Every structure is written in C-alpha cells, then in structure tokens.
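As stored in upload_26.cif (mmCIF, C-alpha atoms and all ligand atoms):
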data_target
#
loop_
_atom_site.label_atom_id
_atom_site.label_comp_id
_atom_site.auth_asym_id
_atom_site.auth_seq_id
_atom_site.Cartn_x
_atom_site.Cartn_y
_atom_site.Cartn_z
CA MET A 789 -179.99 -82.87 9.48
CA ALA A 790 -177.87 -83.15 12.61
CA GLU A 791 -174.60 -85.04 12.23
CA HIS A 792 -174.63 -88.32 14.12
CA THR A 793 -171.32 -90.06 14.75
CA LEU A 794 -169.71 -92.13 17.46
CA ARG A 795 -167.30 -89.36 18.36
CA ASP A 796 -166.35 -89.51 22.06
CA LYS A 797 -168.38 -92.70 22.58
CA VAL A 798 -167.02 -95.92 24.04
CA ALA A 799 -167.92 -99.23 22.43
CA VAL A 800 -167.52 -102.80 23.63
CA VAL A 801 -167.44 -105.31 20.76
CA GLY A 802 -167.84 -108.95 21.80
CA GLY A 803 -165.88 -111.07 19.31
CA GLY A 804 -164.42 -107.82 18.06
CA GLU A 805 -161.10 -109.30 16.95
CA LYS A 806 -161.92 -110.95 13.62
CA ASN A 807 -164.38 -111.22 10.73
CA LEU A 808 -167.57 -109.18 11.24
CA GLY A 809 -166.60 -108.10 14.76
CA ALA A 810 -163.21 -106.79 13.61
CA LEU A 811 -164.83 -104.71 10.87
CA VAL A 812 -167.34 -103.33 13.38
CA SER A 813 -164.47 -102.43 15.74
CA ARG A 814 -162.65 -100.61 12.94
CA VAL A 815 -165.74 -98.83 11.61
CA PHE A 816 -166.63 -97.64 15.12
CA ALA A 817 -163.07 -96.38 15.63
CA GLU A 818 -163.18 -94.55 12.26
CA ASP A 819 -166.35 -92.87 13.53
CA GLY A 820 -164.48 -91.65 16.60
CA ALA A 821 -165.33 -94.28 19.22
CA ARG A 822 -162.81 -95.76 21.62
CA VAL A 823 -163.21 -99.52 21.31
CA VAL A 824 -162.87 -102.45 23.70
CA VAL A 825 -162.04 -105.35 21.40
CA HIS A 826 -163.08 -108.61 23.04
CA TYR A 827 -161.55 -111.89 21.89
CA HIS A 828 -161.84 -115.50 23.00
CA THR A 829 -158.95 -117.48 21.45
CA GLY A 830 -157.81 -114.98 18.81
CA GLU A 831 -155.13 -113.03 20.66
CA LYS A 832 -153.14 -112.41 17.47
CA GLU A 833 -156.22 -111.17 15.58
CA ALA A 834 -157.11 -108.91 18.52
CA GLU A 835 -153.60 -107.42 18.47
CA GLU A 836 -153.93 -106.83 14.71
CA THR A 837 -157.32 -105.15 15.07
CA VAL A 838 -156.16 -102.92 17.93
CA GLY A 839 -152.96 -102.15 15.98
CA ALA A 840 -154.93 -101.17 12.87
CA ILE A 841 -157.16 -98.86 14.91
CA GLU A 842 -154.16 -97.24 16.60
CA ASP A 843 -152.29 -96.86 13.30
CA ALA A 844 -155.30 -94.95 11.99
CA GLY A 845 -155.13 -92.61 15.00
CA GLY A 846 -157.85 -94.28 17.09
CA GLN A 847 -157.92 -95.81 20.54
CA ALA A 848 -158.63 -99.45 21.38
CA VAL A 849 -157.82 -102.08 23.96
CA ALA A 850 -158.06 -105.88 23.71
CA VAL A 851 -159.68 -108.00 26.43
CA GLN A 852 -159.76 -111.81 26.51
CA GLY A 853 -162.77 -113.67 27.83
CA ASP A 854 -164.90 -116.80 27.62
CA LEU A 855 -168.27 -115.07 27.62
CA THR A 856 -170.10 -118.20 28.79
CA ASP A 857 -168.54 -117.27 32.15
CA VAL A 858 -170.54 -114.33 33.55
CA ALA A 859 -167.49 -113.06 35.47
CA HIS A 860 -165.70 -112.62 32.13
CA VAL A 861 -168.64 -110.64 30.71
CA ARG A 862 -168.46 -108.34 33.72
CA ARG A 863 -164.68 -107.97 33.35
CA LEU A 864 -165.17 -106.86 29.76
CA PHE A 865 -167.45 -104.00 30.79
CA ASP A 866 -165.24 -103.21 33.81
CA THR A 867 -162.36 -102.69 31.38
CA ALA A 868 -164.41 -100.24 29.31
CA VAL A 869 -165.36 -98.21 32.39
CA ASP A 870 -161.88 -98.38 33.98
CA THR A 871 -160.03 -97.54 30.75
CA TYR A 872 -162.32 -95.02 29.09
CA GLY A 873 -164.60 -93.81 31.91
CA GLY A 874 -167.88 -95.35 30.71
CA VAL A 875 -169.53 -97.27 27.91
CA ASP A 876 -172.14 -96.24 25.37
CA VAL A 877 -172.40 -99.02 22.79
CA ALA A 878 -172.29 -102.80 23.26
CA VAL A 879 -172.25 -105.12 20.25
CA ASN A 880 -172.12 -108.88 20.77
CA THR A 881 -170.95 -110.69 17.64
CA THR A 882 -170.02 -113.91 19.45
CA GLY A 883 -171.65 -117.15 18.46
CA MET A 884 -171.08 -120.76 17.51
CA VAL A 885 -172.64 -122.76 14.69
CA LEU A 886 -173.43 -126.48 14.44
CA ARG A 887 -175.29 -128.32 11.68
CA LYS A 888 -176.32 -131.67 13.11
CA PRO A 889 -179.57 -133.66 13.12
CA ILE A 890 -181.50 -133.65 16.40
CA LEU A 891 -181.13 -137.44 16.67
CA GLU A 892 -177.31 -137.12 16.72
CA THR A 893 -177.05 -134.08 19.00
CA THR A 894 -175.43 -134.76 22.37
CA GLU A 895 -176.01 -133.12 25.73
CA GLU A 896 -172.51 -131.60 25.40
CA ASP A 897 -173.42 -130.14 21.97
CA TYR A 898 -176.57 -128.62 23.44
CA ASP A 899 -174.81 -127.10 26.46
CA ARG A 900 -171.96 -125.69 24.34
CA MET A 901 -174.33 -124.17 21.78
CA PHE A 902 -176.72 -122.66 24.30
CA GLY A 903 -173.81 -121.52 26.49
CA ILE A 904 -172.39 -119.13 23.91
CA ASN A 905 -175.44 -118.33 21.79
CA ALA A 906 -178.06 -117.89 24.54
CA LYS A 907 -176.47 -117.65 28.02
CA ALA A 908 -173.57 -115.39 26.98
CA GLY A 909 -176.01 -113.30 24.93
CA TYR A 910 -178.26 -112.85 27.96
CA PHE A 911 -175.57 -111.79 30.39
CA PHE A 912 -173.98 -109.52 27.79
CA ILE A 913 -177.30 -107.67 27.51
CA GLN A 914 -177.69 -107.65 31.30
CA GLU A 915 -174.24 -106.21 31.93
CA ALA A 916 -174.66 -103.70 29.10
CA GLY A 917 -177.94 -102.63 30.72
CA ARG A 918 -176.14 -102.10 34.02
CA ARG A 919 -173.16 -100.24 32.65
CA LEU A 920 -174.30 -98.27 29.59
CA ASN A 921 -174.72 -94.52 29.76
CA ASP A 922 -178.14 -93.07 28.94
CA HIS A 923 -178.86 -93.11 25.18
CA GLY A 924 -176.75 -96.26 24.85
CA ARG A 925 -177.10 -98.90 22.14
CA ILE A 926 -177.06 -102.70 22.46
CA ILE A 927 -176.86 -104.96 19.41
CA SER A 928 -176.69 -108.76 19.34
CA LEU A 929 -175.93 -110.88 16.29
CA GLY A 930 -178.63 -113.39 15.41
CA THR A 931 -179.04 -115.34 12.17
CA SER A 932 -181.53 -115.32 9.30
CA LEU A 933 -182.36 -118.87 10.41
CA LEU A 934 -184.54 -117.15 13.05
CA ALA A 935 -187.00 -116.66 10.19
CA ALA A 936 -186.35 -119.97 8.42
CA PHE A 937 -188.00 -123.40 8.42
CA THR A 938 -185.09 -125.77 7.89
CA ASP A 939 -183.33 -128.87 9.16
CA GLY A 940 -179.99 -129.38 10.90
CA TYR A 941 -179.66 -126.13 12.80
CA SER A 942 -181.77 -126.91 15.88
CA THR A 943 -179.13 -125.89 18.44
CA TYR A 944 -177.80 -122.95 16.39
CA ALA A 945 -181.10 -121.33 15.41
CA GLY A 946 -182.64 -122.54 18.67
CA GLY A 947 -179.70 -121.17 20.66
CA LYS A 948 -179.93 -117.78 18.94
CA ALA A 949 -183.74 -117.57 19.11
CA PRO A 950 -183.86 -116.44 22.77
CA LEU A 951 -181.86 -113.35 21.81
CA GLU A 952 -185.03 -111.96 20.23
CA HIS A 953 -186.96 -112.24 23.49
CA PHE A 954 -184.05 -111.03 25.64
CA THR A 955 -183.84 -108.05 23.27
CA ARG A 956 -187.56 -107.22 23.40
CA ALA A 957 -187.60 -107.38 27.20
CA ALA A 958 -184.43 -105.27 27.46
CA ALA A 959 -185.84 -102.74 24.98
CA LYS A 960 -188.80 -102.21 27.32
CA GLU A 961 -186.81 -102.35 30.54
CA PHE A 962 -184.06 -99.94 29.43
CA ALA A 963 -186.33 -97.55 27.50
CA ASP A 964 -186.55 -95.07 30.38
CA ARG A 965 -182.83 -94.44 29.85
CA SER A 966 -183.28 -94.18 26.06
CA ILE A 967 -181.17 -97.29 25.50
CA ALA A 968 -182.10 -99.02 22.23
CA VAL A 969 -181.68 -102.80 21.98
CA ASN A 970 -181.79 -104.75 18.72
CA VAL A 971 -180.80 -107.97 16.97
CA VAL A 972 -179.09 -107.99 13.57
CA ALA A 973 -179.70 -111.33 11.85
CA PRO A 974 -177.74 -111.78 8.60
CA GLY A 975 -178.03 -114.56 6.07
CA PRO A 976 -175.11 -116.80 5.04
CA MET A 977 -172.06 -114.57 5.36
CA ASP A 978 -168.73 -115.08 3.64
CA THR A 979 -166.49 -115.74 6.67
CA PRO A 980 -164.70 -118.89 7.90
CA PHE A 981 -167.58 -119.30 10.40
CA PHE A 982 -169.95 -120.29 7.60
CA TYR A 983 -168.17 -122.95 5.56
CA PRO A 984 -167.26 -125.93 7.82
CA GLN A 985 -170.83 -127.19 8.16
CA GLU A 986 -171.86 -126.60 4.52
CA THR A 987 -171.15 -128.65 1.38
CA PRO A 988 -169.98 -126.91 -1.83
CA GLU A 989 -173.41 -127.66 -3.33
CA ARG A 990 -175.20 -126.01 -0.43
CA VAL A 991 -172.89 -122.97 -0.67
CA GLU A 992 -173.87 -122.63 -4.35
CA PHE A 993 -177.54 -123.00 -3.38
CA HIS A 994 -177.26 -120.24 -0.78
CA LYS A 995 -175.60 -117.99 -3.37
CA SER A 996 -178.37 -118.75 -5.88
CA GLN A 997 -180.99 -117.54 -3.40
CA ALA A 998 -179.51 -114.05 -3.06
CA MET A 999 -179.66 -111.03 -5.30
CA GLU A 1000 -176.35 -110.79 -7.20
CA GLY A 1001 -175.81 -114.54 -6.69
CA ARG A 1002 -173.37 -114.15 -3.83
CA LEU A 1003 -173.12 -114.57 -0.09
CA THR A 1004 -173.55 -111.63 2.25
CA ARG A 1005 -170.27 -109.87 3.02
CA ILE A 1006 -169.25 -108.39 6.34
CA GLU A 1007 -169.08 -105.04 4.52
CA ASP A 1008 -172.82 -105.38 3.80
CA VAL A 1009 -173.73 -105.82 7.47
CA ALA A 1010 -171.38 -103.42 9.28
CA PRO A 1011 -173.14 -100.25 8.01
CA LEU A 1012 -176.43 -101.44 9.56
CA ILE A 1013 -174.70 -102.08 12.88
CA ARG A 1014 -173.08 -98.66 12.65
CA PHE A 1015 -176.48 -97.05 12.02
CA LEU A 1016 -178.09 -98.84 14.98
CA ALA A 1017 -175.14 -97.96 17.23
CA THR A 1018 -175.26 -94.26 16.49
CA GLU A 1019 -177.22 -92.07 18.85
CA GLY A 1020 -180.11 -90.54 16.99
CA ALA A 1021 -181.01 -93.77 15.22
CA TRP A 1022 -184.19 -94.73 16.99
CA ILE A 1023 -185.19 -98.35 16.43
CA THR A 1024 -185.62 -100.67 19.39
CA GLY A 1025 -186.75 -104.19 20.28
CA GLN A 1026 -186.43 -105.34 16.66
CA THR A 1027 -184.76 -108.12 14.75
CA LEU A 1028 -183.38 -106.72 11.49
CA PHE A 1029 -182.69 -109.19 8.69
CA PRO A 1030 -180.11 -107.67 6.32
CA ASN A 1031 -180.50 -109.86 3.25
CA GLY A 1032 -178.23 -107.80 1.07
CA GLY A 1033 -175.95 -104.83 1.20
CA TYR A 1034 -174.11 -102.79 -1.35
CA THR A 1035 -174.43 -103.81 -4.97
CA THR A 1036 -171.19 -104.50 -6.77
CA ARG A 1037 -172.22 -102.70 -9.98
N1 LIG B 1101 -170.89 -116.22 8.94
C1 LIG B 1101 -172.19 -116.45 8.79
O1 LIG B 1101 -172.63 -117.13 7.84
C2 LIG B 1101 -173.18 -115.85 9.74
C3 LIG B 1101 -174.51 -115.69 9.29
C4 LIG B 1101 -175.44 -115.13 10.16
C5 LIG B 1101 -175.06 -114.77 11.43
N2 LIG B 1101 -173.78 -114.95 11.85
C6 LIG B 1101 -173.45 -114.53 13.21
O2 LIG B 1101 -172.59 -113.42 13.11
C7 LIG B 1101 -171.69 -113.41 14.23
C8 LIG B 1101 -170.27 -113.17 13.73
O3 LIG B 1101 -169.90 -114.26 12.92
P1 LIG B 1101 -168.61 -114.28 11.99
O4 LIG B 1101 -169.01 -114.90 10.71
O5 LIG B 1101 -167.97 -112.94 12.00
O6 LIG B 1101 -167.68 -115.38 12.69
P2 LIG B 1101 -166.68 -115.34 13.94
O7 LIG B 1101 -165.69 -114.24 13.76
O8 LIG B 1101 -166.13 -116.71 14.06
O9 LIG B 1101 -167.61 -114.96 15.16
C9 LIG B 1101 -167.84 -115.76 16.27
C10 LIG B 1101 -167.09 -115.19 17.46
O10 LIG B 1101 -167.57 -115.79 18.67
C11 LIG B 1101 -166.44 -116.06 19.48
N3 LIG B 1101 -166.73 -117.06 20.50
C12 LIG B 1101 -167.08 -118.35 20.32
N4 LIG B 1101 -167.20 -118.96 21.52
C13 LIG B 1101 -166.92 -118.03 22.47
C14 LIG B 1101 -166.90 -118.04 23.88
N5 LIG B 1101 -167.16 -119.15 24.60
N6 LIG B 1101 -166.59 -116.89 24.54
C15 LIG B 1101 -166.34 -115.76 23.83
N7 LIG B 1101 -166.33 -115.69 22.49
C16 LIG B 1101 -166.63 -116.82 21.82
C17 LIG B 1101 -165.39 -116.51 18.49
O11 LIG B 1101 -164.10 -116.55 19.05
P3 LIG B 1101 -163.21 -117.93 18.95
O12 LIG B 1101 -163.21 -118.32 17.48
O13 LIG B 1101 -161.88 -117.52 19.45
O14 LIG B 1101 -163.90 -118.95 19.81
C18 LIG B 1101 -165.57 -115.43 17.42
O15 LIG B 1101 -164.89 -114.27 17.78
C19 LIG B 1101 -171.91 -114.70 14.99
O16 LIG B 1101 -172.73 -114.44 16.11
C20 LIG B 1101 -172.69 -115.57 14.00
O17 LIG B 1101 -173.56 -116.47 14.66
C21 LIG B 1101 -172.83 -115.46 11.02
#
Produce structure tokens that represent the structure in this file.
Amino acid sequence: MAEHTLRDKVAVVGGGEKNLGALVSRVFAEDGARVVVHYHTGEKEAEETVGAIEDAGGQAVAVQGDLTDVAHVRRLFDTAVDTYGGVDVAVNTTGMVLRKPILETTEEDYDRMFGINAKAGYFFIQEAGRRLNDHGRIISLGTSLLAAFTDGYSTYAGGKAPLEHFTRAAAKEFADRSIAVNVVAPGPMDTPFFYPQETPERVEFHKSQAMEGRLTRIEDVAPLIRFLATEGAWITGQTLFPNGGYTTR
C-alpha cells in the first residue's frame, strides 16, 4: 500500500494550543506537517505547543483569535498562506459547553453558545473551503450528544448540531476539488472541558457506560483525526462517533 503521511502539508488547528487540539497539532507535526496553532486565551499553552513541535524538529506558528469574529477566522488562514504558502488541512477543535435547563437559559447563553459552536464552525468551514488546496481535508469537532436523547445540553448539542449539515453541504460543494469534510464526535473526554458541568456521580455513570469503564482520552481520538486528515483517506460528509480508542491491556 502507498504510504500516506502529512509530509509537506500545512495544517490549521483551531483551538490547537491545549487538550485535544494540542495533541492533534503535535501528531500532525510528527507526521511532517507545518502547523498553524490557533489559540483564544491560552497564549502560554500555544507557546508550549509550538515549542514542543520545534524541539522535535517541526515547524509551527501560533495565532490568536476569537473565532466568533469572522475577520479572525480569515486572519488564521491568511497566516497559513502567508507563512507556509498554502493550506491543506483544517481542523476546528474549538467549542464551548454548558449544561443548563432550557427554562434557565438566557439570551446571552444562547448567543455565546451558538457563536462559538455554530457560527465559528460555519465560517471556519467556509474559509477552509476558500483557501484549501485541492485534496484538502476539513474536520470539525462535534459531540456524541448529537446522537443522544438527554436533558441539559440544549445549547451545547443544539449549537454543535448544525456542524453536521454544514459538513454535508461542504462535502458536496467542495467535492469537485477532492476536499473531504467530516465531523468527529467523541463521547465524554477526559479533559478540563468536561468536568465543570458534571457531578462526580455523573462522571462515574459516564465511565460505567464505556468499555474499560473509563472516559475517552485525547489519545483515543487523535488517531482518527490523523486518519481523516491524511490524503488518501476517502470518507466525506460523515459524522464519526469514536466511542473508544486503544485498549489499555
Ligand atoms: N472534553 C469532552 O468531554 C468533549 C467531548 C466531546 C466533544 N468535545 C469537543 O472537543 C473539542 C475539544 O475539546 P477539549 O476537551 O480538547 O477542550 P478545550 O481544549 O477546552 O477545547 C475548546 C477550545 O475552544 C476554544 N474556544 C472557546 N471559545 C472560543 C472563541 N470564542 N474563539 C476561539 N476559540 C475558542 C478554547 O479556548 P479558550 O479556553 O481559550 O476559550 C479551547 O481552545 C471541543 O469542540 C468540544 O466541544 C469535547
């Protein structure tokens, strides 16, 4: 089989400074990509991620941006093109979670949640579609709640849900340039993003629902993103629900 890597590719990673995004940035760099590491408030984390990539012999640059502002989304892709001459892979790991009953949700909550989960996701896909080279790859992070029937997450699951339709439309519209567009939608993942809105009992419940009795780890999800990002992997317009990863024994 032909060898497929990210050698000589350029990747933009939205939220690429910490947690899942940071691992994706590092894995892409290990595979030979030059990486634009986007961050919102985590300047220190972005410096650490870029530093780790450079220490390992790779190339990366950090770019700050509030991706609910379309001008900032465009600046992110401008940086990729200006710094590295083009862009091939765009992964958007940004998002915001809220667990709150509908009756208590404010207009501000709604706007904030849909701003980053839906609006930023849309314009990230749009700008990627404008700027990506042929055979490019676009991946957005959803949530397993897209397939769930549960309470409390109306603005989180609801805010992420449009990503599936944006992705299907983009998959059709960009297909003539062989650009694949997908959503990766993990279950409860062991990062600081997950815990603030969950009780210890609910954390134990989530663990009890998974094989191996544990939460998903970022190391379980990154290989799927790597596979989807690599030219030659031909899946498009899909939502993939990684409900596991590597076994620990
Ligand atoms: N952890 C889980 O249980 C879980 C499960 C399923 C799916 N996911 C999804 O996986 C993705 C990565 O999550 P994670 O666990 O790795 O947590 P994370 O690192 O906190 O990811 C969220 C990212 O979004 C950024 N962000 C928030 N608002 C922004 C804005 N206005 N402009 C630009 N960036 C903004 C955050 O930066 P700041 O913190 O600086 O604002 C952060 O980098 C998210 O999309 C999440 O919805 C997570």
Counting only C-alpha atoms, the residue of A:Val812, A:Ile1013, A:Ile913, A:Ala936 that sits nearest Leu855 (chain A) =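 So, comparing all the options, the nearest one is A:Ile913.
CA of Thr1004 (chain A) is positioned 27.8 Å from CA of Asp876 (chain A).
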task = Would you mind listing what lies within 7 Å of region 858-864 of chain A as number ranges by chain, with only C-alpha atoms counted and same-chain residues fewer than 5 positions away left out?
result = A: 851, 853, 911-912, 915
inquiry  = Could you list, as a PyMOL selection string, all protein and nucleic acid residues with an atom at most 6 Å from ligand LIG 1101 (chain B), counting only C-alpha atoms and all ligand atoms?
reply    = chain A and resi 803+806-809+827-830+853-856+881-884+904+929-931+973-979+981-982
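The space between CA of Ser932 (chain A) and CA of Pro988 (chain A) spans 19.8 Å.
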query = Out of A:Ala1017, A:Ala945, A:Ala908, A:Ala958, which residue has the shortest atom-to-atom distance to His923 (chain A) when counting all atoms listed in the file?
reply =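 Residue with the minimum atom-to-atom distance to His923 (chain A): A:Ala1017.
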message = Please list as a VMD selection string every residue within 8 Å of Val823 (chain A), counting only C-alpha atoms and excluding residues in the same chain fewer than 6 positions away.
response = chain A and resid 798 to 801 813 816 to 817 847 to 849
ask   = Of the residues A:Ile841, A:Thr793, A:Leu951, A:Asp964, which is the one nearest to Leu811 (chain A), using only C-alpha atoms?
value =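 Looking at the shortest contact to Leu811 (chain A), the residue is A:Ile841.
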ask   = Pick from A:Met901, A:Ala957, A:Val972, A:Val877: nearest to Asn921 (chain A), with all atoms listed in the file counted?
value = A:Val877
inquiry  = So that I can check the surroundings of Val875 (chain A), please list as a ChimeraX atom specification every protein, DNA and RNA residue that reaches within 12 Å of it, counting all atoms listed in the file and ignoring chain neighbours fewer than 2 positions away.
reply    = /A:794,796-801,821-824,864-873,877-879,915-926,967
Interatomic distance (Å, one decimal) between CA of Asp897 (chain A) and CA of Lys832 (chain A) = 27.3 Å
task = Would you mind telling me which residue in A:Gly820, A:Ala810, A:Leu933, A:Tyr898 lies nearest to Glu836 (chain A) when using all atoms listed in the file?
result =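 Using all atoms listed in the file, Glu836 (chain A) sits closest to A:Ala810.
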request  = Would you please work out which residue, of A:Thr1024, A:Thr938, A:Asn1031, A:Thr837, is nearest to Ala963 (chain A) when using all atoms listed in the file?
outcome  =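 With all atoms listed in the file as the atom set, the closest residue is A:Thr1024.
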